[in-house]
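Here's model18.cif, which has mmCIF, C-alpha atoms:
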data_query
#
loop_
_atom_site.label_atom_id
_atom_site.label_comp_id
_atom_site.auth_asym_id
_atom_site.auth_seq_id
_atom_site.Cartn_x
_atom_site.Cartn_y
_atom_site.Cartn_z
CA MET Q 1 0.00 0.00 0.00
CA ALA Q 2 1.13 3.47 -0.85
CA GLY Q 3 2.28 5.67 1.96
CA ILE Q 4 0.21 8.50 3.23
CA ARG Q 5 2.44 11.17 1.77
CA GLU Q 6 2.44 9.49 -1.62
CA LEU Q 7 -1.33 9.42 -1.55
CA ARG Q 8 -1.47 13.12 -0.89
CA GLY Q 9 0.73 13.73 -3.92
CA ARG Q 10 -1.48 11.61 -6.11
CA ILE Q 11 -4.65 13.33 -4.99
CA LYS Q 12 -3.10 16.63 -5.89
CA SER Q 13 -1.93 15.58 -9.34
CA VAL Q 14 -5.27 14.02 -10.18
CA GLY Q 15 -6.83 17.31 -9.15
CA ASN Q 16 -4.53 19.20 -11.49
CA ILE Q 17 -5.38 16.92 -14.36
CA LYS Q 18 -9.03 17.42 -13.65
CA GLN Q 19 -8.64 21.16 -13.82
CA ILE Q 20 -6.90 20.94 -17.15
CA THR Q 21 -9.41 18.59 -18.71
CA ARG Q 22 -12.24 20.75 -17.46
CA ALA Q 23 -10.68 23.81 -19.07
CA MET Q 24 -10.25 21.90 -22.32
CA GLU Q 25 -13.84 20.78 -22.13
CA MET Q 26 -14.98 24.34 -21.83
CA VAL Q 27 -12.86 25.49 -24.73
CA ALA Q 28 -14.25 22.68 -26.84
CA THR Q 29 -17.77 23.67 -25.90
CA THR Q 30 -17.38 27.25 -27.06
CA LYS Q 31 -15.67 26.21 -30.27
CA LEU Q 32 -18.34 23.64 -30.90
CA ARG Q 33 -20.99 26.30 -30.58
CA LYS Q 34 -19.09 28.56 -32.94
CA PHE Q 35 -18.91 25.92 -35.65
CA GLN Q 36 -22.53 25.00 -35.18
CA ASP Q 37 -23.49 28.64 -35.67
CA ARG Q 38 -21.39 28.78 -38.79
CA ALA Q 39 -23.07 25.67 -40.15
CA VAL Q 40 -26.48 27.21 -39.55
CA ALA Q 41 -25.45 30.56 -41.03
CA SER Q 42 -24.19 28.99 -44.24
CA ARG Q 43 -27.32 26.98 -44.85
CA PRO Q 44 -29.35 29.62 -46.75
CA TYR Q 45 -26.46 30.18 -49.13
CA SER Q 46 -25.84 26.54 -49.89
CA GLU Q 47 -29.55 25.85 -50.23
CA GLU Q 48 -29.88 28.68 -52.68
CA ILE Q 49 -26.89 27.53 -54.73
CA THR Q 50 -27.98 23.91 -54.66
CA GLY Q 51 -31.49 24.93 -55.69
CA LEU Q 52 -30.21 26.98 -58.62
CA VAL Q 53 -27.89 24.21 -59.77
CA GLY Q 54 -30.77 21.77 -59.69
CA HIS Q 55 -33.05 24.10 -61.63
CA LEU Q 56 -30.50 24.86 -64.29
CA ALA Q 57 -29.56 21.22 -64.60
CA SER Q 58 -33.20 20.48 -65.34
CA VAL Q 59 -33.29 23.28 -67.92
CA LEU Q 60 -30.17 21.97 -69.62
CA GLY Q 61 -31.33 18.37 -69.43
CA GLU Q 62 -29.15 15.80 -71.11
CA GLU Q 63 -26.51 18.33 -71.98
CA VAL Q 64 -25.34 18.37 -68.38
CA ALA Q 65 -23.80 14.93 -68.49
CA GLU Q 66 -21.46 16.07 -71.26
CA ARG Q 67 -19.68 18.65 -69.16
CA PRO Q 68 -16.15 17.87 -67.94
CA LEU Q 69 -17.09 18.04 -64.28
CA PHE Q 70 -19.85 15.53 -64.85
CA ARG Q 71 -17.81 12.97 -66.74
CA ARG Q 72 -15.48 10.42 -65.26
CA GLY Q 73 -11.90 11.49 -65.70
CA ASP Q 74 -9.49 9.69 -68.01
CA GLY Q 75 -6.91 9.00 -65.32
CA ALA Q 76 -6.59 5.61 -63.67
CA LYS Q 77 -5.99 6.98 -60.21
CA ILE Q 78 -8.48 7.99 -57.58
CA ALA Q 79 -8.03 11.13 -55.53
CA VAL Q 80 -9.24 10.94 -51.95
CA LEU Q 81 -9.56 13.80 -49.50
CA ILE Q 82 -9.58 12.67 -45.89
CA VAL Q 83 -10.49 15.11 -43.15
CA THR Q 84 -9.14 14.49 -39.67
CA SER Q 85 -8.08 16.80 -36.87
CA ASP Q 86 -4.77 18.52 -36.33
CA ARG Q 87 -4.62 17.66 -32.68
CA GLY Q 88 -5.38 14.66 -30.53
CA LEU Q 89 -7.33 14.34 -27.31
CA CYS Q 90 -10.60 14.07 -29.12
CA GLY Q 91 -11.60 10.52 -28.36
CA ALA Q 92 -12.10 8.07 -31.18
CA TYR Q 93 -12.76 10.81 -33.73
CA ASN Q 94 -9.63 10.25 -35.80
CA SER Q 95 -9.36 6.53 -35.41
CA ASN Q 96 -12.96 6.10 -36.57
CA ILE Q 97 -12.19 7.97 -39.76
CA LEU Q 98 -8.92 6.16 -40.33
CA ARG Q 99 -10.51 2.78 -39.77
CA VAL Q 100 -13.13 3.47 -42.41
CA ALA Q 101 -10.40 4.71 -44.73
CA ASP Q 102 -8.36 1.55 -44.17
CA LYS Q 103 -11.33 -0.60 -44.91
CA TRP Q 104 -11.92 1.16 -48.18
CA PHE Q 105 -8.26 0.98 -49.10
CA ALA Q 106 -8.21 -2.74 -48.39
CA GLN Q 107 -10.93 -3.18 -50.95
CA ASN Q 108 -9.78 -0.67 -53.54
CA ARG Q 109 -6.05 -0.66 -53.31
CA ALA Q 110 -5.55 -4.22 -54.45
CA ALA Q 111 -2.41 -5.09 -56.34
CA ASP Q 112 -4.00 -4.49 -59.72
CA GLY Q 113 -6.59 -1.99 -58.54
CA PRO Q 114 -6.46 1.71 -59.20
CA ASP Q 115 -3.86 3.71 -57.40
CA VAL Q 116 -4.95 6.22 -54.83
CA ASP Q 117 -3.53 9.68 -54.26
CA LEU Q 118 -4.27 11.16 -50.89
CA PHE Q 119 -5.21 14.75 -50.20
CA LEU Q 120 -5.29 15.28 -46.49
CA TYR Q 121 -6.71 17.80 -44.12
CA GLY Q 122 -5.46 17.45 -40.56
CA ARG Q 123 -2.06 16.35 -39.27
CA LYS Q 124 -3.38 13.17 -37.70
CA ALA Q 125 -4.15 11.69 -41.06
CA TYR Q 126 -0.76 12.76 -42.34
CA GLN Q 127 1.05 11.04 -39.48
CA TYR Q 128 -0.96 7.93 -40.03
CA PHE Q 129 -0.64 7.59 -43.76
CA SER Q 130 2.92 8.75 -44.16
CA LYS Q 131 4.02 5.92 -41.87
CA ARG Q 132 2.21 3.39 -43.99
CA GLY Q 133 3.69 4.29 -47.32
CA TYR Q 134 0.70 5.80 -49.00
CA ASN Q 135 1.13 8.25 -51.78
CA ILE Q 136 0.29 11.57 -50.19
CA GLU Q 137 -0.24 14.10 -52.89
CA ARG Q 138 -0.93 17.01 -50.64
CA LEU Q 139 -1.49 18.00 -47.02
CA PHE Q 140 -3.60 21.10 -46.73
CA VAL Q 141 -2.26 23.40 -44.03
CA GLU Q 142 -3.23 26.78 -45.33
CA PRO Q 143 -5.62 27.82 -44.00
CA GLU Q 144 -5.52 25.68 -40.90
CA LEU Q 145 -8.55 23.50 -40.56
CA GLU Q 146 -9.62 25.29 -37.40
CA LYS Q 147 -9.54 28.64 -39.09
CA ILE Q 148 -11.41 27.51 -42.14
CA ASP Q 149 -13.76 30.03 -43.66
CA TYR Q 150 -15.72 29.96 -46.84
CA ARG Q 151 -12.85 31.28 -48.90
CA GLY Q 152 -10.45 28.69 -47.53
CA ALA Q 153 -12.88 25.90 -48.29
CA ALA Q 154 -13.41 27.37 -51.74
CA ARG Q 155 -9.70 27.22 -52.38
CA THR Q 156 -9.55 23.58 -51.33
CA ALA Q 157 -12.51 22.80 -53.57
CA ASN Q 158 -10.84 24.56 -56.47
CA ASP Q 159 -7.60 22.67 -55.91
CA LEU Q 160 -9.42 19.37 -56.07
CA GLN Q 161 -11.34 20.52 -59.10
CA ASP Q 162 -8.10 21.49 -60.84
CA ALA Q 163 -6.55 18.15 -59.95
CA PHE Q 164 -9.56 16.41 -61.42
CA LEU Q 165 -9.58 18.50 -64.58
CA SER Q 166 -5.88 17.88 -65.10
CA GLY Q 167 -6.93 14.41 -66.16
CA ALA Q 168 -4.84 12.48 -63.68
CA TYR Q 169 -7.82 11.04 -61.84
CA SER Q 170 -10.91 9.12 -62.66
CA ASN Q 171 -12.82 10.51 -59.71
CA VAL Q 172 -12.47 12.40 -56.46
CA ARG Q 173 -13.96 11.29 -53.16
CA ILE Q 174 -14.10 12.86 -49.72
CA LEU Q 175 -14.10 11.07 -46.39
CA TYR Q 176 -15.21 13.18 -43.43
CA SER Q 177 -17.21 12.87 -40.23
CA ALA Q 178 -20.83 13.73 -40.71
CA PHE Q 179 -22.38 15.32 -37.67
CA GLU Q 180 -25.51 13.40 -36.72
CA SER Q 181 -25.95 14.50 -33.15
CA MET Q 182 -23.88 15.56 -30.16
CA ALA Q 183 -22.93 11.96 -29.55
CA LYS Q 184 -22.92 10.59 -33.08
CA TYR Q 185 -20.47 11.40 -35.82
CA ILE Q 186 -20.39 9.03 -38.70
CA PRO Q 187 -17.44 8.71 -41.08
CA THR Q 188 -19.03 9.35 -44.44
CA TRP Q 189 -17.88 9.12 -48.03
CA ILE Q 190 -19.09 11.59 -50.58
CA ASP Q 191 -18.44 11.45 -54.28
CA PHE Q 192 -17.13 14.91 -54.97
CA LEU Q 193 -16.27 14.62 -58.64
CA PRO Q 194 -17.51 13.85 -61.18
CA ILE Q 195 -20.85 15.25 -60.13
CA GLU Q 196 -23.62 12.75 -60.56
CA ALA Q 197 -26.21 14.63 -62.61
CA SER Q 198 -29.06 12.70 -61.05
CA THR Q 199 -28.15 14.00 -57.59
CA LEU Q 200 -28.93 17.52 -58.73
CA ALA Q 201 -32.63 16.85 -58.51
CA PRO Q 202 -34.48 20.15 -58.54
CA GLY Q 203 -36.17 21.20 -55.34
CA GLY Q 204 -39.82 20.74 -54.49
CA ASP Q 205 -40.90 23.90 -56.30
CA ALA Q 206 -39.42 22.74 -59.56
CA GLN Q 207 -42.63 22.86 -61.49
CA ASP Q 208 -42.84 26.64 -61.48
CA PHE Q 209 -39.42 26.72 -63.03
CA GLY Q 210 -40.93 26.07 -66.40
CA GLY Q 211 -39.72 27.19 -69.78
CA ASP Q 212 -40.61 30.82 -69.15
CA VAL Q 213 -37.61 31.76 -67.11
CA ILE Q 214 -35.34 34.44 -68.43
CA LEU Q 215 -31.74 33.33 -68.14
CA GLU Q 216 -29.05 35.94 -68.52
CA PRO Q 217 -26.68 35.52 -70.33
CA ASP Q 218 -27.87 31.93 -70.97
CA ALA Q 219 -28.40 28.67 -69.12
CA ALA Q 220 -25.05 27.15 -69.99
CA THR Q 221 -23.04 30.20 -68.91
CA ILE Q 222 -24.83 30.52 -65.61
CA PHE Q 223 -24.54 26.82 -65.02
CA ASP Q 224 -20.81 26.76 -65.67
CA ARG Q 225 -20.33 29.58 -63.20
CA LEU Q 226 -22.63 27.99 -60.71
CA VAL Q 227 -21.11 24.53 -60.58
CA PRO Q 228 -17.79 25.58 -59.00
CA LYS Q 229 -19.79 27.46 -56.35
CA TYR Q 230 -21.80 24.34 -55.78
CA LEU Q 231 -18.62 22.35 -55.19
CA GLU Q 232 -17.36 25.05 -52.86
CA THR Q 233 -20.46 24.90 -50.72
CA ARG Q 234 -20.23 21.13 -50.55
CA MET Q 235 -16.64 21.37 -49.44
CA TYR Q 236 -17.42 24.07 -46.90
CA ASN Q 237 -20.30 22.08 -45.47
CA ALA Q 238 -18.18 18.94 -45.22
CA LEU Q 239 -15.32 20.75 -43.48
CA ILE Q 240 -17.58 22.59 -41.06
CA GLU Q 241 -19.38 19.38 -40.25
CA ALA Q 242 -16.09 17.60 -39.66
CA LEU Q 243 -15.02 20.38 -37.32
CA THR Q 244 -18.31 20.26 -35.47
CA SER Q 245 -17.90 16.51 -35.05
CA GLU Q 246 -14.33 16.95 -33.90
CA TYR Q 247 -15.25 19.38 -31.19
CA ALA Q 248 -18.30 17.44 -30.09
CA SER Q 249 -16.04 14.42 -29.79
CA ARG Q 250 -13.35 16.37 -28.01
CA ARG Q 251 -15.83 17.83 -25.59
CA ALA Q 252 -17.28 14.39 -24.80
CA SER Q 253 -13.88 12.82 -24.23
CA MET Q 254 -12.73 15.72 -22.06
CA LYS Q 255 -15.92 15.45 -20.05
CA ASN Q 256 -15.26 11.75 -19.54
CA ALA Q 257 -11.74 12.51 -18.45
CA THR Q 258 -12.92 15.14 -16.00
CA ASP Q 259 -15.53 12.78 -14.58
CA ALA Q 260 -13.01 9.97 -14.30
CA ALA Q 261 -10.54 12.25 -12.57
CA GLY Q 262 -13.28 13.28 -10.16
CA ASP Q 263 -14.11 9.66 -9.33
CA MET Q 264 -10.48 8.84 -8.85
CA GLN Q 265 -10.02 11.80 -6.57
CA THR Q 266 -12.93 10.72 -4.36
CA GLU Q 267 -11.59 7.21 -4.18
CA LEU Q 268 -8.08 8.32 -3.33
CA LYS Q 269 -9.41 10.72 -0.74
CA SER Q 270 -11.34 8.01 1.06
CA ILE Q 271 -8.28 5.75 1.11
CA TYR Q 272 -6.22 8.65 2.33
CA ASN Q 273 -8.64 9.48 5.13
CA ARG Q 274 -8.88 5.87 6.21
CA LYS Q 275 -5.09 5.66 6.39
CA ARG Q 276 -4.85 8.92 8.25
CA GLN Q 277 -7.38 7.69 10.78
CA GLU Q 278 -5.55 4.40 11.17
CA GLY Q 279 -2.41 6.35 11.86
CA ILE Q 280 -4.10 8.49 14.47
CA THR Q 281 -5.62 5.46 16.17
CA LYS Q 282 -2.25 3.79 16.24
CA ASP Q 283 -0.61 6.87 17.71
CA LEU Q 284 -3.30 7.14 20.34
CA LEU Q 285 -2.86 3.51 21.31
CA ASP Q 286 0.86 4.08 21.62
CA ILE Q 287 0.36 7.11 23.84
CA VAL Q 288 -2.22 5.35 26.01
CA GLY Q 289 0.01 2.27 26.21
CA GLY Q 290 3.02 4.43 27.13
CA ALA Q 291 1.06 6.27 29.83
CA GLU Q 292 -0.15 2.98 31.30
CA ALA Q 293 3.42 1.68 31.46
CA VAL Q 294 4.67 4.76 33.28
CA ARG Q 295 1.99 4.63 35.93
CA MET T 296 -46.15 51.57 -54.29
CA ALA T 297 -43.70 51.41 -51.46
CA GLY T 298 -41.76 48.27 -50.77
CA ALA T 299 -43.22 46.10 -53.48
CA LEU T 300 -40.05 44.07 -53.90
CA THR T 301 -38.29 41.93 -51.35
CA LEU T 302 -34.53 42.05 -51.64
CA ARG T 303 -32.50 39.34 -49.96
CA VAL T 304 -28.75 39.22 -50.15
CA ILE T 305 -27.32 35.90 -49.02
CA THR T 306 -23.65 35.12 -48.38
CA PRO T 307 -22.04 32.00 -46.89
CA ASP T 308 -21.64 33.76 -43.54
CA HIS T 309 -24.97 35.41 -43.10
CA ILE T 310 -27.96 37.08 -44.68
CA VAL T 311 -26.74 40.57 -45.33
CA LEU T 312 -30.00 42.14 -46.26
CA ASP T 313 -33.64 41.17 -46.17
CA ARG T 314 -35.96 44.09 -46.68
CA GLN T 315 -38.70 45.68 -48.70
CA VAL T 316 -37.55 47.95 -51.49
CA ASP T 317 -39.06 49.79 -54.44
CA ARG T 318 -36.55 48.92 -57.10
CA VAL T 319 -33.22 47.20 -57.47
CA GLN T 320 -30.33 47.50 -59.87
CA VAL T 321 -27.89 44.60 -60.12
CA PRO T 322 -24.52 44.26 -61.89
CA ALA T 323 -25.51 41.45 -64.25
CA ALA T 324 -22.83 39.78 -66.33
CA ASP T 325 -24.07 41.63 -69.41
CA GLY T 326 -24.34 45.01 -67.77
CA LEU T 327 -26.43 46.80 -65.19
CA MET T 328 -29.95 45.55 -64.94
CA GLY T 329 -32.85 47.31 -63.27
CA ILE T 330 -35.56 45.29 -61.60
CA LEU T 331 -38.99 46.68 -60.84
CA PRO T 332 -41.93 44.96 -59.19
CA ARG T 333 -43.78 42.36 -61.27
CA HIS T 334 -40.59 41.39 -63.05
CA ALA T 335 -40.64 38.13 -64.97
CA HIS T 336 -39.02 35.08 -63.42
CA MET T 337 -35.33 35.38 -64.11
CA VAL T 338 -31.94 34.00 -63.15
CA THR T 339 -28.80 35.90 -63.97
CA ALA T 340 -25.10 35.70 -63.28
CA LEU T 341 -23.56 38.74 -61.63
CA ASP T 342 -20.20 40.44 -61.89
CA ALA T 343 -18.47 42.17 -59.04
CA GLY T 344 -20.11 45.53 -58.63
CA LEU T 345 -22.74 47.54 -56.88
CA VAL T 346 -26.30 46.62 -56.12
CA THR T 347 -28.34 49.76 -55.74
CA TYR T 348 -31.82 49.77 -54.32
CA GLN T 349 -34.39 52.40 -53.53
CA VAL T 350 -36.36 52.53 -50.36
CA GLY T 351 -38.85 55.36 -50.14
CA GLY T 352 -37.03 58.30 -51.64
CA SER T 353 -33.48 57.31 -50.75
CA GLU T 354 -31.06 55.15 -52.64
CA GLU T 355 -28.71 52.72 -50.97
CA VAL T 356 -25.82 50.68 -52.26
CA LEU T 357 -24.25 47.36 -51.48
CA PHE T 358 -21.09 45.80 -52.83
CA VAL T 359 -21.28 42.25 -54.17
CA SER T 360 -18.34 40.21 -55.39
CA GLY T 361 -20.23 38.42 -58.13
CA GLY T 362 -22.60 35.51 -57.77
CA PHE T 363 -26.15 35.16 -58.98
CA ALA T 364 -29.51 36.82 -58.75
CA GLU T 365 -32.86 35.18 -58.99
CA VAL T 366 -36.05 37.14 -59.43
CA ARG T 367 -39.16 35.25 -58.64
CA GLY T 368 -42.56 36.48 -57.55
CA ASP T 369 -41.44 39.94 -56.45
CA THR T 370 -38.51 38.55 -54.51
CA VAL T 371 -34.99 39.31 -55.62
CA ARG T 372 -32.51 36.90 -54.17
CA ILE T 373 -28.84 37.62 -54.58
CA VAL T 374 -26.36 34.93 -53.66
CA SER T 375 -22.81 36.13 -53.53
CA GLU T 376 -19.64 35.24 -51.70
CA ALA T 377 -19.37 38.75 -50.36
CA GLY T 378 -22.08 41.33 -49.81
CA GLU T 379 -20.97 44.41 -47.96
CA ARG T 380 -22.77 47.51 -46.93
CA PRO T 381 -20.82 50.76 -47.10
CA GLU T 382 -20.51 50.87 -43.33
CA ASP T 383 -18.85 47.42 -43.37
CA ILE T 384 -16.24 48.40 -45.91
CA SER T 385 -12.91 49.63 -44.70
CA GLU T 386 -11.79 52.40 -46.99
CA GLU T 387 -8.21 51.92 -45.91
CA ARG T 388 -8.18 48.25 -46.79
CA ALA T 389 -9.87 48.80 -50.09
CA SER T 390 -7.42 51.53 -51.07
CA LYS T 391 -4.51 49.33 -50.12
CA ALA T 392 -5.96 46.49 -52.18
CA GLU T 393 -6.37 48.85 -55.09
CA GLU T 394 -2.78 49.98 -54.82
CA ARG T 395 -1.53 46.42 -54.58
CA ALA T 396 -3.50 45.33 -57.60
CA ARG T 397 -2.27 48.28 -59.64
CA LYS T 398 1.29 47.53 -58.69
CA LEU T 399 0.90 43.89 -59.68
CA LEU T 400 -0.52 44.92 -63.01
CA ASP T 401 2.28 47.40 -63.62
CA ASP T 402 5.02 44.95 -62.69
CA GLY T 403 3.56 41.77 -64.04
CA ALA T 404 3.34 42.60 -67.73
CA GLY T 405 5.13 40.04 -69.85
CA GLY T 406 5.98 36.37 -69.39
CA PRO T 407 3.59 33.52 -70.10
CA GLY T 408 3.25 32.24 -66.54
CA VAL T 409 1.85 35.47 -65.17
CA GLN T 410 -1.33 35.45 -67.19
CA ILE T 411 -3.43 34.00 -64.42
CA ASP T 412 -1.95 36.44 -61.94
CA VAL T 413 -2.78 39.34 -64.20
CA LEU T 414 -6.35 38.14 -64.41
CA ARG T 415 -6.47 37.78 -60.68
CA ALA T 416 -5.04 41.24 -60.16
CA GLU T 417 -7.57 42.70 -62.56
CA PHE T 418 -10.38 41.12 -60.60
CA ALA T 419 -8.87 42.37 -57.37
CA LEU T 420 -8.62 45.86 -58.79
CA ARG T 421 -12.21 45.73 -59.90
CA ARG T 422 -13.39 44.61 -56.50
CA ALA T 423 -11.36 47.27 -54.72
CA ARG T 424 -12.66 50.04 -56.95
CA PHE T 425 -16.27 49.03 -56.51
CA ARG T 426 -15.81 48.77 -52.77
CA LEU T 427 -14.42 52.28 -52.71
CA ARG T 428 -17.22 53.54 -54.87
CA ALA T 429 -19.79 51.98 -52.56
CA LYS T 430 -18.09 53.61 -49.60
CA ARG T 431 -17.98 57.02 -51.19
CA ARG T 432 -21.53 56.95 -52.43
CA SER T 433 -22.95 56.54 -48.99
#

For this file, write the structure as structure tokens.
Amino acid sequence: MAGIRELRGRIKSVGNIKQITRAMEMVATTKLRKFQDRAVASRPYSEEITGLVGHLASVLGEEVAERPLFRRGDGAKIAVLIVTSDRGLCGAYNSNILRVADKWFAQNRAADGPDVDLFLYGRKAYQYFSKRGYNIERLFVEPELEKIDYRGAARTANDLQDAFLSGAYSNVRILYSAFESMAKYIPTWIDFLPIEASTLAPGGDAQDFGGDVILEPDAATIFDRLVPKYLETRMYNALIEALTSEYASRRASMKNATDAAGDMQTELKSIYNRKRQEGITKDLLDIVGGAEAVR
Amino acid sequence: MAGALTLRVITPDHIVLDRQVDRVQVPAADGLMGILPRHAHMVTALDAGLVTYQVGGSEEVLFVSGGFAEVRGDTVRIVSEAGERPEDISEERASKAEERARKLLDDGAGGPGVQIDVLRAEFALRRARFRLRAKRRS
């Protein structure tokens, strides 16, 4: 059994850890709220863009499938963007993503299968994949994932679009954590490019978007300007959702750590008190015994 | 007929404007375009420029960085990456951006690799000038 002084030291250090994890929990909570607000704030924009893309796709009809961004690329390789966090201490957030990625690689990276080039967001993924000999095409660090804004996401989307249009890849996929609820973040694949024309189904009010709409300059021009914006909003949504998941996960794991530290502290304290009492009782017995002997 | 049109300006960060106006002018890709109530259903691409709108007797401006406008049922919806009211624009920053863009254009003439940069600088210059104009008009 540990000595009484040792116990006191341990109680103190557990207390310190608890303070730190509680502070981290609070930081995660505020950041989580910030990203949630951003996700809500961006919704009208992305709904509007998605709606317009859908409408124009229905105006253009079959023609859409002929556009470069809607056709499978000529390249044999697949480009994959994986979004993880830069820092640890966020529970199983990263390992969940990486496990799903590994599973997909096991199926698609067979000896004769297509080669995969990785585009990564977040240092955790970089550490993981660089150790395992994957071909990492690019690690996005500018802007940092945490500081992502619409323009940063737009740049990332444009980079992927350029990579796709360069002809090196057959398609581009994204793996990120979709935010389902505070306690549920699901690693999710989305097919970023080519865009599947059928997914651009016009919204519910499609019928009043008949043939009588004036399109300036013309449908094709608007559409070609619109599609990159559409990709940007998809990228932005995915990154914001990943960040929301990350912070929800971080908050939960920090809360667990704080709770565990609290439990441990109580337990140690009760052991400590018992020992202290034992010590006092023993001392008393000694004193009483000594007094008896003298008499 | 006061406030017969609803003008909404939507950016990725927030809804910049949502109010009743009498008429709107947008910087469409083909040139300025005025929109009055009972306009036909229309979708248009926008260039960077100024959206002007009239409320009552006064005219107000807003800078947009491009994007799209949809007119439907007396609602004008503008989706743009940036929509800034004059009070949100920093004159200092815009002037600096203008200077920078001009300098790039002056220096960057020649060489095949700089074409994209020249284009970018031209866009930047355009944005800066419209921002300044929006600021000064108010």

Open item on the list: Show me the residues close to (-20.7, 41.7, -58.0) - anything with an atom within 9 Å, counting all atoms listed in the file - and format the list as a PyMOL selection string.
Closed with: chain T and resi 321-324+341-346+358-363+375+377-378+422+425

If you keep C-alpha atoms, can you produce a file of those selected residues as a PDB file, in the coordinates of the input?
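What landed in part.pdb:
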ATOM      1  CA  VAL T 321     -27.890  44.600 -60.120  1.00  0.00           C
ATOM      2  CA  PRO T 322     -24.520  44.260 -61.890  1.00  0.00           C
ATOM      3  CA  ALA T 323     -25.510  41.450 -64.250  1.00  0.00           C
ATOM      4  CA  ALA T 324     -22.830  39.780 -66.330  1.00  0.00           C
ATOM      5  CA  LEU T 341     -23.560  38.740 -61.630  1.00  0.00           C
ATOM      6  CA  ASP T 342     -20.200  40.440 -61.890  1.00  0.00           C
ATOM      7  CA  ALA T 343     -18.470  42.170 -59.040  1.00  0.00           C
ATOM      8  CA  GLY T 344     -20.110  45.530 -58.630  1.00  0.00           C
ATOM      9  CA  LEU T 345     -22.740  47.540 -56.880  1.00  0.00           C
ATOM     10  CA  VAL T 346     -26.300  46.620 -56.120  1.00  0.00           C
ATOM     11  CA  PHE T 358     -21.090  45.800 -52.830  1.00  0.00           C
ATOM     12  CA  VAL T 359     -21.280  42.250 -54.170  1.00  0.00           C
ATOM     13  CA  SER T 360     -18.340  40.210 -55.390  1.00  0.00           C
ATOM     14  CA  GLY T 361     -20.230  38.420 -58.130  1.00  0.00           C
ATOM     15  CA  GLY T 362     -22.600  35.510 -57.770  1.00  0.00           C
ATOM     16  CA  PHE T 363     -26.150  35.160 -58.980  1.00  0.00           C
ATOM     17  CA  SER T 375     -22.810  36.130 -53.530  1.00  0.00           C
ATOM     18  CA  ALA T 377     -19.370  38.750 -50.360  1.00  0.00           C
ATOM     19  CA  GLY T 378     -22.080  41.330 -49.810  1.00  0.00           C
ATOM     20  CA  ARG T 422     -13.390  44.610 -56.500  1.00  0.00           C
ATOM     21  CA  PHE T 425     -16.270  49.030 -56.510  1.00  0.00           C
TER      22      PHE T 425
END

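The shell of residues at most 7 Å from Ala396 (chain T), with all atoms listed in the file counted and near chain neighbours (fewer than 2 positions) removed, consists of T:Ala392, T:Glu393, T:Glu394, T:Lys398, T:Leu399, T:Leu400, T:Ala416, T:Glu417, T:Ala419, T:Leu420.
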
- [ ] Could you give me, as a PyMOL selection string, the residues within 12 Å of region 28-35 of chain Q, counting all atoms listed in the file and dropping anything in the same chain fewer than 2 positions from it?
- [x] (chain Q and resi 21-26+37-42+89-90+145-149+179+182+236-255) or (chain T and resi 308)

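Evaluating the PyMOL selection byres ((chain T) within 6 of (chain Q)) against the shown model yields Ile305, Thr306, Pro307, Asp308, His309, His336, Met337, Val338, Thr339 and Ala340 of chain T.
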
Using only the atoms of region 209-223 of chain Q listed in the file, plus 3 Å on each side, state the axis-aligned box centre and edge lengths in Å rounded to one decimal, as AutoDock Vina command-line options.
--center_x -32.0 --center_y 31.0 --center_z -67.0 --size_x 23.9 --size_y 15.9 --size_z 13.9

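Here CA of Ala183 (chain Q) is placed at a distance of 18.5 Å from CA of Arg99 (chain Q).
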
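Using all atoms listed in the file, the shortest contact distance between Leu302 (chain T) and any of T:Arg426, T:Arg367, T:Arg372, T:His334 is found at T:Arg372.
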
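Distance-wise, CA of Leu120 (chain Q) and CA of Val83 (chain Q) end up 6.2 Å apart.
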
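Interatomic distance, CA of Val319 (chain T) against CA of Leu331 (chain T): 6.7 Å.
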
Open item on the list: Selection in question (the file shown): the PyMOL selection byres ((chain T and resi 353) around 12). Which residues does it include, as JSON, numbers by chain?
Closed with: {"T": [297, 316, 317, 318, 347, 348, 349, 350, 351, 352, 354, 355, 356, 433]}

Selection export as a PDB file, keeping the file's coordinate frame, atoms kept: C-alpha atoms:
ATOM      1  CA  ALA T 297     -43.700  51.410 -51.460  1.00  0.00           C
ATOM      2  CA  VAL T 316     -37.550  47.950 -51.490  1.00  0.00           C
ATOM      3  CA  ASP T 317     -39.060  49.790 -54.440  1.00  0.00           C
ATOM      4  CA  ARG T 318     -36.550  48.920 -57.100  1.00  0.00           C
ATOM      5  CA  THR T 347     -28.340  49.760 -55.740  1.00  0.00           C
ATOM      6  CA  TYR T 348     -31.820  49.770 -54.320  1.00  0.00           C
ATOM      7  CA  GLN T 349     -34.390  52.400 -53.530  1.00  0.00           C
ATOM      8  CA  VAL T 350     -36.360  52.530 -50.360  1.00  0.00           C
ATOM      9  CA  GLY T 351     -38.850  55.360 -50.140  1.00  0.00           C
ATOM     10  CA  GLY T 352     -37.030  58.300 -51.640  1.00  0.00           C
ATOM     11  CA  GLU T 354     -31.060  55.150 -52.640  1.00  0.00           C
ATOM     12  CA  GLU T 355     -28.710  52.720 -50.970  1.00  0.00           C
ATOM     13  CA  VAL T 356     -25.820  50.680 -52.260  1.00  0.00           C
ATOM     14  CA  SER T 433     -22.950  56.540 -48.990  1.00  0.00           C
TER      15      SER T 433
END

- [ ] Taking (-12.2, 2.1, -46.1) in the file's own coordinates, collect the residues within 12 Å, counting all atoms listed in the file, and hand them back as a PyMOL selection string.
- [x] chain Q and resi 80+82+95-109+173-176+187-189

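If you measure from each of Q:Glu144, Q:Asp162, Q:Glu278, Q:Asp283 to Arg87 (chain Q) using all atoms listed in the file, the closest one turns out to be Q:Glu144.
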